[in-house]
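> Following this line is protein12.pdb, made up of PDB, C-alpha atoms:
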MODEL        1
ATOM      1  CA  MET A   1      38.355  57.464  51.975
ATOM      2  CA  GLU A   2      34.870  56.258  52.949
ATOM      3  CA  LYS A   3      33.616  57.696  49.668
ATOM      4  CA  TYR A   4      36.011  55.525  47.642
ATOM      5  CA  VAL A   5      35.109  52.446  49.667
ATOM      6  CA  LYS A   6      31.431  52.950  48.848
ATOM      7  CA  ILE A   7      32.278  53.402  45.187
ATOM      8  CA  GLY A   8      34.320  50.196  45.247
ATOM      9  CA  ILE A   9      31.498  48.251  46.840
ATOM     10  CA  LEU A  10      29.085  49.619  44.268
ATOM     11  CA  VAL A  11      31.383  48.555  41.433
ATOM     12  CA  VAL A  12      31.640  45.040  42.874
ATOM     13  CA  VAL A  13      27.862  44.773  43.224
ATOM     14  CA  VAL A  14      27.285  45.988  39.683
ATOM     15  CA  ALA A  15      29.878  43.525  38.394
ATOM     16  CA  ALA A  16      28.255  40.704  40.313
ATOM     17  CA  ILE A  17      24.840  41.570  38.914
ATOM     18  CA  ALA A  18      26.300  41.694  35.409
ATOM     19  CA  LEU A  19      27.985  38.350  35.924
ATOM     20  CA  VAL A  20      24.797  36.683  37.174
ATOM     21  CA  GLY A  21      22.815  38.255  34.349
ATOM     22  CA  GLY A  22      25.380  37.005  31.860
ATOM     23  CA  ILE A  23      25.148  33.485  33.245
ATOM     24  CA  LEU A  24      21.339  33.546  33.090
ATOM     25  CA  TYR A  25      21.421  34.919  29.580
ATOM     26  CA  ALA A  26      23.887  32.289  28.493
ATOM     27  CA  GLY A  27      21.709  29.606  30.022
ATOM     28  CA  ASN A  28      18.588  30.918  28.343
ATOM     29  CA  SER A  29      20.446  31.302  25.078
ATOM     30  CA  LYS A  30      21.736  27.731  25.246
ATOM     31  CA  GLU A  31      18.254  26.483  26.088
ATOM     32  CA  GLY A  32      16.863  28.400  23.148
ATOM     33  CA  LYS A  33      19.431  26.883  20.819
ATOM     34  CA  LEU A  34      18.663  23.423  22.169
ATOM     35  CA  GLY A  35      14.983  24.002  21.598
ATOM     36  CA  ASP A  36      15.724  25.140  18.047
ATOM     37  CA  THR A  37      17.843  22.043  17.469
ATOM     38  CA  GLN A  38      15.146  19.738  18.775
ATOM     39  CA  GLU A  39      12.556  21.385  16.591
ATOM     40  CA  LEU A  40      14.870  21.073  13.589
ATOM     41  CA  ASN A  41      15.440  17.385  14.319
ATOM     42  CA  LEU A  42      11.693  16.810  14.513
ATOM     43  CA  ASP A  43      11.245  18.545  11.195
ATOM     44  CA  GLU A  44      13.946  16.436   9.592
ATOM     45  CA  GLU A  45      12.420  13.295  11.081
ATOM     46  CA  ALA A  46       9.066  14.197   9.568
ATOM     47  CA  LYS A  47      10.699  14.678   6.182
ATOM     48  CA  LYS A  48      12.169  11.194   6.099
ATOM     49  CA  LYS A  49      10.613   9.211   3.287
ATOM     50  CA  VAL A  50       9.363   5.654   3.492
ATOM     51  CA  ASN A  51      11.936   3.185   2.202
ATOM     52  CA  ILE A  52      10.513   2.141  -1.173
ATOM     53  CA  PRO A  53      12.515  -0.656  -2.888
ATOM     54  CA  VAL A  54      11.246   0.328  -6.332
ATOM     55  CA  ASP A  55      12.754   2.779  -8.828
ATOM     56  CA  PHE A  56       9.578   4.498  -9.982
ATOM     57  CA  ASP A  57      11.508   7.056 -12.023
ATOM     58  CA  GLU A  58      12.999   4.254 -14.111
ATOM     59  CA  LEU A  59       9.624   2.554 -14.566
ATOM     60  CA  LYS A  60       7.865   5.797 -15.454
ATOM     61  CA  ALA A  61      10.559   6.487 -18.032
ATOM     62  CA  ILE A  62       9.336   3.324 -19.775
ATOM     63  CA  ASN A  63       5.638   4.074 -19.293
ATOM     64  CA  GLU A  64       4.022   7.009 -17.487
ATOM     65  CA  ASP A  65       1.015   4.839 -16.625
ATOM     66  CA  VAL A  66       3.027   2.980 -13.967
ATOM     67  CA  TYR A  67       1.745   4.159 -10.603
ATOM     68  CA  ALA A  68       2.274   1.284  -8.163
ATOM     69  CA  TYR A  69       4.155  -1.975  -7.700
ATOM     70  CA  ILE A  70       2.953  -5.326  -6.342
ATOM     71  CA  GLU A  71       5.100  -8.001  -4.739
ATOM     72  CA  ILE A  72       3.916 -11.257  -3.183
ATOM     73  CA  PRO A  73       6.599 -13.124  -1.225
ATOM     74  CA  GLY A  74       6.650 -16.826  -2.063
ATOM     75  CA  THR A  75       5.364 -16.305  -5.614
ATOM     76  CA  LYS A  76       6.713 -14.923  -8.892
ATOM     77  CA  VAL A  77       4.546 -11.838  -8.551
ATOM     78  CA  SER A  78       6.802  -8.780  -8.590
ATOM     79  CA  TYR A  79       5.513  -6.309 -11.150
ATOM     80  CA  PRO A  80       4.611  -2.682 -11.749
ATOM     81  CA  ILE A  81       0.888  -1.878 -11.749
ATOM     82  CA  LEU A  82      -0.369   0.253 -14.614
ATOM     83  CA  GLN A  83      -3.514   2.242 -15.174
ATOM     84  CA  SER A  84      -4.555   4.186 -18.225
ATOM     85  CA  GLU A  85      -5.842   7.403 -16.699
ATOM     86  CA  ASP A  86      -8.350   8.031 -19.468
ATOM     87  CA  GLY A  87      -9.127   4.350 -20.019
ATOM     88  CA  SER A  88      -7.839   4.416 -23.599
ATOM     89  CA  VAL A  89      -5.240   1.661 -23.147
ATOM     90  CA  ASP A  90      -6.257  -1.948 -22.421
ATOM     91  CA  TYR A  91      -3.321  -3.249 -20.427
ATOM     92  CA  LEU A  92      -4.761  -6.754 -20.329
ATOM     93  CA  ASN A  93      -3.138  -7.186 -23.746
ATOM     94  CA  MET A  94      -0.544  -4.426 -23.696
ATOM     95  CA  THR A  95       2.895  -4.721 -22.104
ATOM     96  CA  ILE A  96       4.600  -1.994 -20.111
ATOM     97  CA  GLU A  97       6.573  -1.196 -23.286
ATOM     98  CA  LYS A  98       3.220  -0.758 -25.069
ATOM     99  CA  THR A  99       3.683  -3.870 -27.190
ATOM    100  CA  GLU A 100       0.360  -5.498 -28.021
ATOM    101  CA  GLY A 101      -0.266  -9.096 -27.011
ATOM    102  CA  LEU A 102       0.755 -11.446 -24.230
ATOM    103  CA  PRO A 103       1.787 -11.346 -21.470
ATOM    104  CA  GLY A 104       0.088  -7.955 -21.115
ATOM    105  CA  SER A 105       0.548  -6.124 -17.816
ATOM    106  CA  ILE A 106      -0.633  -6.131 -14.250
ATOM    107  CA  TYR A 107      -3.166  -3.328 -14.162
ATOM    108  CA  THR A 108      -6.198  -1.654 -12.639
ATOM    109  CA  GLU A 109      -8.982   0.101 -14.480
ATOM    110  CA  ASN A 110      -9.589   3.803 -14.044
ATOM    111  CA  ILE A 111     -12.842   2.963 -12.270
ATOM    112  CA  ASN A 112     -10.494   2.586  -9.291
ATOM    113  CA  SER A 113      -8.478   5.459  -7.874
ATOM    114  CA  ARG A 114      -4.713   5.177  -7.563
ATOM    115  CA  ASP A 115      -4.447   5.570  -3.785
ATOM    116  CA  PHE A 116      -5.696   2.105  -2.718
ATOM    117  CA  ARG A 117      -8.052   3.695  -0.197
ATOM    118  CA  GLU A 118     -11.245   2.475  -1.818
ATOM    119  CA  ILE A 119     -13.325  -0.355  -0.435
ATOM    120  CA  ASN A 120     -12.054  -2.742  -3.106
ATOM    121  CA  THR A 121      -9.332  -2.154  -5.681
ATOM    122  CA  ILE A 122      -9.390  -4.860  -8.360
ATOM    123  CA  ILE A 123      -6.060  -5.813  -9.922
ATOM    124  CA  TYR A 124      -5.956  -7.916 -13.101
ATOM    125  CA  GLY A 125      -3.286 -10.067 -14.712
ATOM    126  CA  HIS A 126      -3.007 -12.985 -17.136
ATOM    127  CA  ASP A 127      -2.663 -16.585 -15.963
ATOM    128  CA  MET A 128       0.510 -17.425 -17.879
ATOM    129  CA  ASN A 129       1.500 -21.092 -18.282
ATOM    130  CA  ASP A 130       5.057 -20.409 -17.130
ATOM    131  CA  GLY A 131       3.802 -18.921 -13.855
ATOM    132  CA  THR A 132       4.626 -15.326 -14.742
ATOM    133  CA  MET A 133       2.244 -12.400 -14.349
ATOM    134  CA  PHE A 134      -0.603 -13.787 -12.165
ATOM    135  CA  GLY A 135       0.043 -17.420 -13.104
ATOM    136  CA  SER A 136       1.750 -18.204  -9.783
ATOM    137  CA  LEU A 137      -1.346 -17.110  -7.870
ATOM    138  CA  HIS A 138      -2.638 -20.623  -8.499
ATOM    139  CA  GLU A 139      -0.183 -21.817  -5.862
ATOM    140  CA  TYR A 140      -2.845 -20.620  -3.419
ATOM    141  CA  ASP A 141      -4.880 -23.639  -4.595
ATOM    142  CA  ASP A 142      -2.926 -25.526  -1.962
ATOM    143  CA  GLU A 143      -4.230 -24.761   1.526
ATOM    144  CA  THR A 144      -0.820 -25.166   3.152
ATOM    145  CA  PHE A 145       0.623 -22.598   0.757
ATOM    146  CA  PHE A 146      -2.378 -20.365   1.439
ATOM    147  CA  ARG A 147      -1.751 -20.488   5.205
ATOM    148  CA  GLU A 148       1.993 -19.957   4.953
ATOM    149  CA  ASN A 149       2.029 -17.109   2.400
ATOM    150  CA  SER A 150      -0.376 -14.498   3.670
ATOM    151  CA  GLU A 151       1.316 -11.210   2.783
ATOM    152  CA  ILE A 152       0.953  -8.959  -0.234
ATOM    153  CA  ASP A 153       3.003  -5.766  -0.551
ATOM    154  CA  VAL A 154       1.930  -2.830  -2.680
ATOM    155  CA  TYR A 155       4.256   0.131  -3.136
ATOM    156  CA  LEU A 156       3.429   3.655  -4.207
ATOM    157  CA  PRO A 157       6.177   6.229  -4.793
ATOM    158  CA  ASP A 158       5.756   7.521  -1.225
ATOM    159  CA  GLN A 159       4.033   4.679   0.603
ATOM    160  CA  ALA A 160       4.367   0.984   1.407
ATOM    161  CA  ILE A 161       1.097  -0.885   1.974
ATOM    162  CA  ARG A 162       0.775  -4.395   3.346
ATOM    163  CA  TYR A 163      -2.211  -6.666   2.823
ATOM    164  CA  HIS A 164      -3.057  -9.986   4.442
ATOM    165  CA  VAL A 165      -4.624 -12.700   2.301
ATOM    166  CA  TYR A 166      -8.164 -13.288   3.470
ATOM    167  CA  ALA A 167      -9.469 -15.550   0.707
ATOM    168  CA  ALA A 168      -8.451 -17.568  -2.320
ATOM    169  CA  VAL A 169     -11.459 -18.830  -4.238
ATOM    170  CA  VAL A 170     -12.826 -19.895  -7.600
ATOM    171  CA  PHE A 171     -15.602 -17.506  -8.591
ATOM    172  CA  ASP A 172     -17.673 -16.953 -11.708
ATOM    173  CA  ASP A 173     -16.593 -14.529 -14.412
ATOM    174  CA  ARG A 174     -18.992 -11.702 -13.589
ATOM    175  CA  TYR A 175     -17.573  -8.206 -14.014
ATOM    176  CA  LEU A 176     -17.101  -7.267 -10.362
ATOM    177  CA  PRO A 177     -17.258  -3.441 -10.626
ATOM    178  CA  LEU A 178     -20.714  -3.645 -12.209
ATOM    179  CA  SER A 179     -21.966  -6.538 -10.101
ATOM    180  CA  TYR A 180     -21.218  -4.840  -6.765
ATOM    181  CA  ASN A 181     -21.397  -1.230  -5.688
ATOM    182  CA  PHE A 182     -18.047  -0.989  -3.947
ATOM    183  CA  ASP A 183     -18.758   2.629  -3.101
ATOM    184  CA  THR A 184     -20.990   1.315  -0.328
ATOM    185  CA  LEU A 185     -20.446  -0.940   2.661
ATOM    186  CA  GLU A 186     -23.532  -2.878   1.594
ATOM    187  CA  GLY A 187     -21.951  -3.665  -1.751
ATOM    188  CA  ARG A 188     -18.757  -4.859  -0.109
ATOM    189  CA  ALA A 189     -20.734  -6.980   2.399
ATOM    190  CA  GLN A 190     -22.653  -8.614  -0.450
ATOM    191  CA  PHE A 191     -19.404  -9.388  -2.260
ATOM    192  CA  ILE A 192     -17.927 -11.073   0.830
ATOM    193  CA  THR A 193     -21.148 -13.019   1.374
ATOM    194  CA  ASP A 194     -21.201 -14.208  -2.239
ATOM    195  CA  ILE A 195     -17.545 -15.185  -2.135
ATOM    196  CA  LYS A 196     -18.248 -17.411   0.853
ATOM    197  CA  ASN A 197     -21.589 -18.807  -0.329
ATOM    198  CA  PHE A 198     -21.071 -19.185  -4.051
ATOM    199  CA  GLY A 199     -17.337 -19.604  -4.354
ATOM    200  CA  GLN A 200     -16.367 -22.970  -5.807
ATOM    201  CA  GLN A 201     -13.570 -25.320  -4.806
ATOM    202  CA  PRO A 202     -10.842 -24.779  -4.043
ATOM    203  CA  ALA A 203     -11.881 -22.071  -1.609
ATOM    204  CA  HIS A 204      -9.732 -21.090   1.361
ATOM    205  CA  PHE A 205     -10.462 -18.428   3.996
ATOM    206  CA  ASN A 206      -8.435 -17.023   6.844
ATOM    207  CA  GLU A 207     -10.985 -15.761   9.343
ATOM    208  CA  GLU A 208      -8.257 -13.861  11.213
ATOM    209  CA  PHE A 209      -8.263 -11.373   8.355
ATOM    210  CA  THR A 210     -12.017 -11.149   7.761
ATOM    211  CA  PRO A 211     -12.678  -7.606   6.452
ATOM    212  CA  THR A 212     -14.389  -5.177   8.806
ATOM    213  CA  GLU A 213     -16.347  -2.088   7.781
ATOM    214  CA  LYS A 214     -13.231   0.087   8.078
ATOM    215  CA  ASP A 215     -10.930  -2.133   5.996
ATOM    216  CA  SER A 216      -9.818  -1.495   2.443
ATOM    217  CA  MET A 217      -9.305  -4.530   0.224
ATOM    218  CA  ILE A 218      -7.629  -5.585  -2.983
ATOM    219  CA  THR A 219      -8.919  -8.374  -5.201
ATOM    220  CA  LEU A 220      -6.434 -10.015  -7.560
ATOM    221  CA  SER A 221      -8.242 -11.548 -10.512
ATOM    222  CA  THR A 222      -6.895 -13.981 -13.083
ATOM    223  CA  CYS A 223      -8.176 -16.689 -15.429
ATOM    224  CA  ILE A 224      -8.331 -20.448 -14.879
ATOM    225  CA  GLY A 225      -6.983 -22.335 -17.870
ATOM    226  CA  ASP A 226      -9.529 -25.124 -18.012
ATOM    227  CA  GLN A 227     -12.451 -23.084 -16.645
ATOM    228  CA  PRO A 228     -13.063 -20.192 -19.058
ATOM    229  CA  ASP A 229     -16.268 -19.176 -17.277
ATOM    230  CA  ASN A 230     -14.571 -18.818 -13.888
ATOM    231  CA  ARG A 231     -11.962 -16.598 -12.286
ATOM    232  CA  TRP A 232      -9.390 -17.244  -9.585
ATOM    233  CA  LEU A 233      -9.599 -14.500  -6.942
ATOM    234  CA  ILE A 234      -7.138 -13.656  -4.183
ATOM    235  CA  ILE A 235      -8.543 -11.145  -1.701
ATOM    236  CA  GLY A 236      -6.253  -9.133   0.550
ATOM    237  CA  VAL A 237      -7.197  -6.931   3.515
ATOM    238  CA  ARG A 238      -5.157  -3.836   4.198
ATOM    239  CA  ASP A 239      -3.087  -3.788   7.380
ATOM    240  CA  GLU A 240      -3.576  -0.249   8.675
ATOM    241  CA  GLU A 241      -0.739  -0.658  11.192
ATOM    242  CA  GLU A 242       1.719  -1.289   8.382
ATOM    243  CA  SER A 243       0.538   1.458   6.018
TER     244      SER A 243
ENDMDL
END
Take the structure in the file and give it back as C-alpha cells.


Amino acid sequence: MEKYVKIGILVVVVAAIALVGGILYAGNSKEGKLGDTQELNLDEEAKKKVNIPVDFDELKAINEDVYAYIEIPGTKVSYPILQSEDGSVDYLNMTIEKTEGLPGSIYTENINSRDFREINTIIYGHDMNDGTMFGSLHEYDDETFFRENSEIDVYLPDQAIRYHVYAAVVFDDRYLPLSYNFDTLEGRAQFITDIKNFGQQPAHFNEEFTPTEKDSMITLSTCIGDQPDNRWLIIGVRDEEES
C-alpha cells in the first residue's frame, strides 16, 4: 500500500511540474509572439510612405523629365519641375508636352542635382502676363504679401520638402551658377552678401529665415517685364524639421 501511495505522490508531483512548465512555456511563447508582432508593426511603420499629393506616374507619362513639383500657397504657382538630364532640352521655351514656345516650363538645369540637397538649387520660369508660371511671384513685391506668404512646398516622388521665404529682391541678370561657386560655403555667403548689398528695390528680407552654413536653399528666378537687364529672385531656405 505504501508503495502505491509513493507512486501516486510522484505522479502528482510530475503532473504539477508539467503544468507549471506548460504555463511558463505558454507565457514565453505569448511573449515571443508579442515581440514578433511589435517588430512587424515597427517594420510596417517604417514602410509607410510620405503623403505626396502629386500623381508623378501621370506626369511622367506625359514627360519623363518631370522629377519634382512646386507649390506656393497664396500664388498661382503649382507646377511640375522638369530637368533635361543630358541638358539637350531647353525647358525655358518648351512645355511639358514638348511643344516649343511660351509658356515653357518650370525647370532646373542639370548643373543642379535632383535631390534638392545642394547649397542652392535654382528654379526658372517665365514671367507670364496672366500670372501663370512664375508671373505670380511678383506678388512678393508687396511687403505685406511677403510677410504673410512665407512657405514654398517642393514634392519629390518620395519626399515633401518645405522652404521658408527668406528674400524677395530685384537683382541683375548675371548667370548665377557661373557667378557663384555654390559648391562652397564661401560662394553661398558671397551670394547672400550680394543679394543684400546690391539688390535693388523692392527688396524684402525675413531675418528669421537667414540661411546658416547647414541650410540648403532654392532660388526662384524670373524676368521683370519692364527691366530686361534684371531678374526677380525669391530665395527659400529649407526647413529641415519638415523634410

> Choose the residue, out of A:Arg147, A:His138, A:Arg231, A:Lys60, that has the smallest atom-to-atom separation from A:Gln83; count only C-alpha atoms.

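Of all the options, A:Lys60 lies closest to A:Gln83.
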
> Calculated over all atoms listed in the file, which of the candidates A:Tyr163, A:Ser136, A:Asp215, A:Glu118 has the smallest distance to A:Phe182?

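The shortest atom-to-atom distance to A:Phe182 comes from A:Glu118.
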
> Can you tell me, as a list in words, what residues are no more than 10 Å from A:Gln227 when counting only C-alpha atoms, ignoring any on the same chain fewer than 4 positions away?

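What passes the distance filter is Val170, Asp172, Asp173, Cys223, Arg231 and Trp232 of chain A.
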
> Report as a ChimeraX atom specification the residues that result from applying the PyMOL selection byres ((chain A and resi 127) around 6) to the structure here.

/A:126,128,134-135,222-223

> A:Gly104: which residues within 12 Å, counting only C-alpha atoms, same-chain residues fewer than 5 positions away excluded, as a PyMOL selection string?

chain A and resi 79-82+89-99+124-128+132-134

> Which residue out of A:Gln159, A:Thr212, A:Thr219, A:Ser179 has the minimum interatomic distance to A:Asp115 when all atoms listed in the file are used?

A:Gln159

> Could you tell me which of A:Ser84, A:Thr121, A:Thr184, A:Thr75 comes closest to A:Asn63 if we count only C-alpha atoms?

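Under the stated criterion, the closest residue is A:Ser84.
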
> Restricting the calculation to all atoms listed in the file, which member of A:Asn112, A:Ser105, A:Gln190, A:Gln200 is positioned closest to A:Val77?

A:Ser105

> Which one is closest to A:Ala189: A:Asp57, A:Glu213, A:Glu207, A:Glu240? Count only C-alpha atoms.

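That would be A:Glu213, the residue with the smallest distance to A:Ala189.
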
> Can you measure atom CA of A:Val54 to atom CA of A:Phe209 for me? One decimal in Å is fine.

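Straight-line distance from atom CA of A:Val54 to atom CA of A:Phe209 works out to 27.1 Å.
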
> Can you list what the PyMOL selection byres ((chain A and resi 153-156) around 7) grabs from this structure, as a PyMOL selection string?

chain A and resi 52+67-72+151-152+157-163

> Give me stretch 131-142 of chain A with all heavy atoms filled in, as a PDB file, in the frame of the given file.


ATOM      1  N   GLY A 131       3.896 -19.431 -15.217  1.00  0.00           N
ATOM      2  CA  GLY A 131       3.802 -18.921 -13.855  1.00  0.00           C
ATOM      3  C   GLY A 131       4.081 -17.442 -13.719  1.00  0.00           C
ATOM      4  O   GLY A 131       3.999 -16.898 -12.611  1.00  0.00           O
ATOM      5  N   THR A 132       4.392 -16.762 -14.818  1.00  0.00           N
ATOM      6  CA  THR A 132       4.626 -15.326 -14.742  1.00  0.00           C
ATOM      7  C   THR A 132       3.302 -14.577 -14.668  1.00  0.00           C
ATOM      8  O   THR A 132       2.228 -15.157 -14.747  1.00  0.00           O
ATOM      9  CB  THR A 132       5.447 -14.835 -15.952  1.00  0.00           C
ATOM     10  OG1 THR A 132       4.756 -15.202 -17.154  1.00  0.00           O
ATOM     11  CG2 THR A 132       6.832 -15.481 -15.939  1.00  0.00           C
ATOM     12  N   MET A 133       3.400 -13.272 -14.553  1.00  0.00           N
ATOM     13  CA  MET A 133       2.244 -12.400 -14.349  1.00  0.00           C
ATOM     14  C   MET A 133       1.455 -12.927 -13.146  1.00  0.00           C
ATOM     15  O   MET A 133       2.028 -13.094 -12.084  1.00  0.00           O
ATOM     16  CB  MET A 133       1.398 -12.279 -15.620  1.00  0.00           C
ATOM     17  CG  MET A 133       2.214 -11.836 -16.835  1.00  0.00           C
ATOM     18  SD  MET A 133       3.276 -10.365 -16.549  1.00  0.00           S
ATOM     19  CE  MET A 133       2.038  -9.069 -16.550  1.00  0.00           C
ATOM     20  N   PHE A 134       0.157 -13.255 -13.301  1.00  0.00           N
ATOM     21  CA  PHE A 134      -0.603 -13.787 -12.165  1.00  0.00           C
ATOM     22  C   PHE A 134      -0.718 -15.318 -12.196  1.00  0.00           C
ATOM     23  O   PHE A 134      -1.518 -15.903 -11.475  1.00  0.00           O
ATOM     24  CB  PHE A 134      -1.993 -13.159 -12.119  1.00  0.00           C
ATOM     25  CG  PHE A 134      -2.038 -11.841 -11.359  1.00  0.00           C
ATOM     26  CD1 PHE A 134      -3.221 -11.116 -11.281  1.00  0.00           C
ATOM     27  CD2 PHE A 134      -0.921 -11.351 -10.712  1.00  0.00           C
ATOM     28  CE1 PHE A 134      -3.274  -9.909 -10.566  1.00  0.00           C
ATOM     29  CE2 PHE A 134      -0.959 -10.143 -10.013  1.00  0.00           C
ATOM     30  CZ  PHE A 134      -2.133  -9.429  -9.939  1.00  0.00           C
ATOM     31  N   GLY A 135       0.098 -15.974 -13.027  1.00  0.00           N
ATOM     32  CA  GLY A 135       0.043 -17.420 -13.104  1.00  0.00           C
ATOM     33  C   GLY A 135       0.378 -18.105 -11.789  1.00  0.00           C
ATOM     34  O   GLY A 135      -0.229 -19.118 -11.425  1.00  0.00           O
ATOM     35  N   SER A 136       1.339 -17.552 -11.034  1.00  0.00           N
ATOM     36  CA  SER A 136       1.750 -18.204  -9.783  1.00  0.00           C
ATOM     37  C   SER A 136       0.737 -18.024  -8.660  1.00  0.00           C
ATOM     38  O   SER A 136       0.882 -18.630  -7.593  1.00  0.00           O
ATOM     39  CB  SER A 136       3.133 -17.705  -9.337  1.00  0.00           C
ATOM     40  OG  SER A 136       3.115 -16.316  -9.063  1.00  0.00           O
ATOM     41  N   LEU A 137      -0.302 -17.226  -8.895  1.00  0.00           N
ATOM     42  CA  LEU A 137      -1.346 -17.110  -7.870  1.00  0.00           C
ATOM     43  C   LEU A 137      -2.069 -18.434  -7.664  1.00  0.00           C
ATOM     44  O   LEU A 137      -2.687 -18.655  -6.619  1.00  0.00           O
ATOM     45  CB  LEU A 137      -2.371 -16.032  -8.263  1.00  0.00           C
ATOM     46  CG  LEU A 137      -1.895 -14.577  -8.249  1.00  0.00           C
ATOM     47  CD1 LEU A 137      -3.059 -13.652  -8.573  1.00  0.00           C
ATOM     48  CD2 LEU A 137      -1.275 -14.195  -6.917  1.00  0.00           C
ATOM     49  N   HIS A 138      -1.975 -19.325  -8.639  1.00  0.00           N
ATOM     50  CA  HIS A 138      -2.638 -20.623  -8.499  1.00  0.00           C
ATOM     51  C   HIS A 138      -1.958 -21.515  -7.463  1.00  0.00           C
ATOM     52  O   HIS A 138      -2.496 -22.567  -7.109  1.00  0.00           O
ATOM     53  CB  HIS A 138      -2.726 -21.316  -9.854  1.00  0.00           C
ATOM     54  CG  HIS A 138      -3.756 -20.701 -10.751  1.00  0.00           C
ATOM     55  ND1 HIS A 138      -5.115 -20.922 -10.595  1.00  0.00           N
ATOM     56  CD2 HIS A 138      -3.627 -19.828 -11.794  1.00  0.00           C
ATOM     57  CE1 HIS A 138      -5.780 -20.239 -11.520  1.00  0.00           C
ATOM     58  NE2 HIS A 138      -4.899 -19.559 -12.252  1.00  0.00           N
ATOM     59  N   GLU A 139      -0.793 -21.080  -6.967  1.00  0.00           N
ATOM     60  CA  GLU A 139      -0.183 -21.817  -5.862  1.00  0.00           C
ATOM     61  C   GLU A 139      -1.056 -21.742  -4.609  1.00  0.00           C
ATOM     62  O   GLU A 139      -0.948 -22.587  -3.720  1.00  0.00           O
ATOM     63  CB  GLU A 139       1.213 -21.270  -5.580  1.00  0.00           C
ATOM     64  CG  GLU A 139       2.190 -21.508  -6.728  1.00  0.00           C
ATOM     65  CD  GLU A 139       3.580 -21.031  -6.394  1.00  0.00           C
ATOM     66  OE1 GLU A 139       4.189 -21.571  -5.454  1.00  0.00           O
ATOM     67  OE2 GLU A 139       4.068 -20.096  -7.079  1.00  0.00           O
ATOM     68  N   TYR A 140      -1.921 -20.723  -4.555  1.00  0.00           N
ATOM     69  CA  TYR A 140      -2.845 -20.620  -3.419  1.00  0.00           C
ATOM     70  C   TYR A 140      -3.954 -21.674  -3.488  1.00  0.00           C
ATOM     71  O   TYR A 140      -4.761 -21.766  -2.563  1.00  0.00           O
ATOM     72  CB  TYR A 140      -3.451 -19.219  -3.353  1.00  0.00           C
ATOM     73  CG  TYR A 140      -2.502 -18.164  -2.843  1.00  0.00           C
ATOM     74  CD1 TYR A 140      -1.787 -17.350  -3.715  1.00  0.00           C
ATOM     75  CD2 TYR A 140      -2.318 -17.983  -1.473  1.00  0.00           C
ATOM     76  CE1 TYR A 140      -0.917 -16.379  -3.243  1.00  0.00           C
ATOM     77  CE2 TYR A 140      -1.452 -17.018  -0.985  1.00  0.00           C
ATOM     78  CZ  TYR A 140      -0.748 -16.226  -1.878  1.00  0.00           C
ATOM     79  OH  TYR A 140       0.119 -15.274  -1.408  1.00  0.00           O
ATOM     80  N   ASP A 141      -3.977 -22.475  -4.561  1.00  0.00           N
ATOM     81  CA  ASP A 141      -4.880 -23.639  -4.595  1.00  0.00           C
ATOM     82  C   ASP A 141      -4.615 -24.537  -3.383  1.00  0.00           C
ATOM     83  O   ASP A 141      -5.538 -25.122  -2.812  1.00  0.00           O
ATOM     84  CB  ASP A 141      -4.642 -24.482  -5.856  1.00  0.00           C
ATOM     85  CG  ASP A 141      -5.107 -23.788  -7.125  1.00  0.00           C
ATOM     86  OD1 ASP A 141      -5.577 -22.646  -7.044  1.00  0.00           O
ATOM     87  OD2 ASP A 141      -4.985 -24.393  -8.209  1.00  0.00           O
ATOM     88  N   ASP A 142      -3.343 -24.657  -3.057  1.00  0.00           N
ATOM     89  CA  ASP A 142      -2.926 -25.526  -1.962  1.00  0.00           C
ATOM     90  C   ASP A 142      -3.139 -24.818  -0.628  1.00  0.00           C
ATOM     91  O   ASP A 142      -2.620 -23.715  -0.407  1.00  0.00           O
ATOM     92  CB  ASP A 142      -1.449 -25.888  -2.130  1.00  0.00           C
ATOM     93  CG  ASP A 142      -0.948 -26.792  -1.024  1.00  0.00           C
ATOM     94  OD1 ASP A 142      -1.279 -27.978  -1.038  1.00  0.00           O
ATOM     95  OD2 ASP A 142      -0.241 -26.288  -0.129  1.00  0.00           O
TER      96      ASP A 142
END
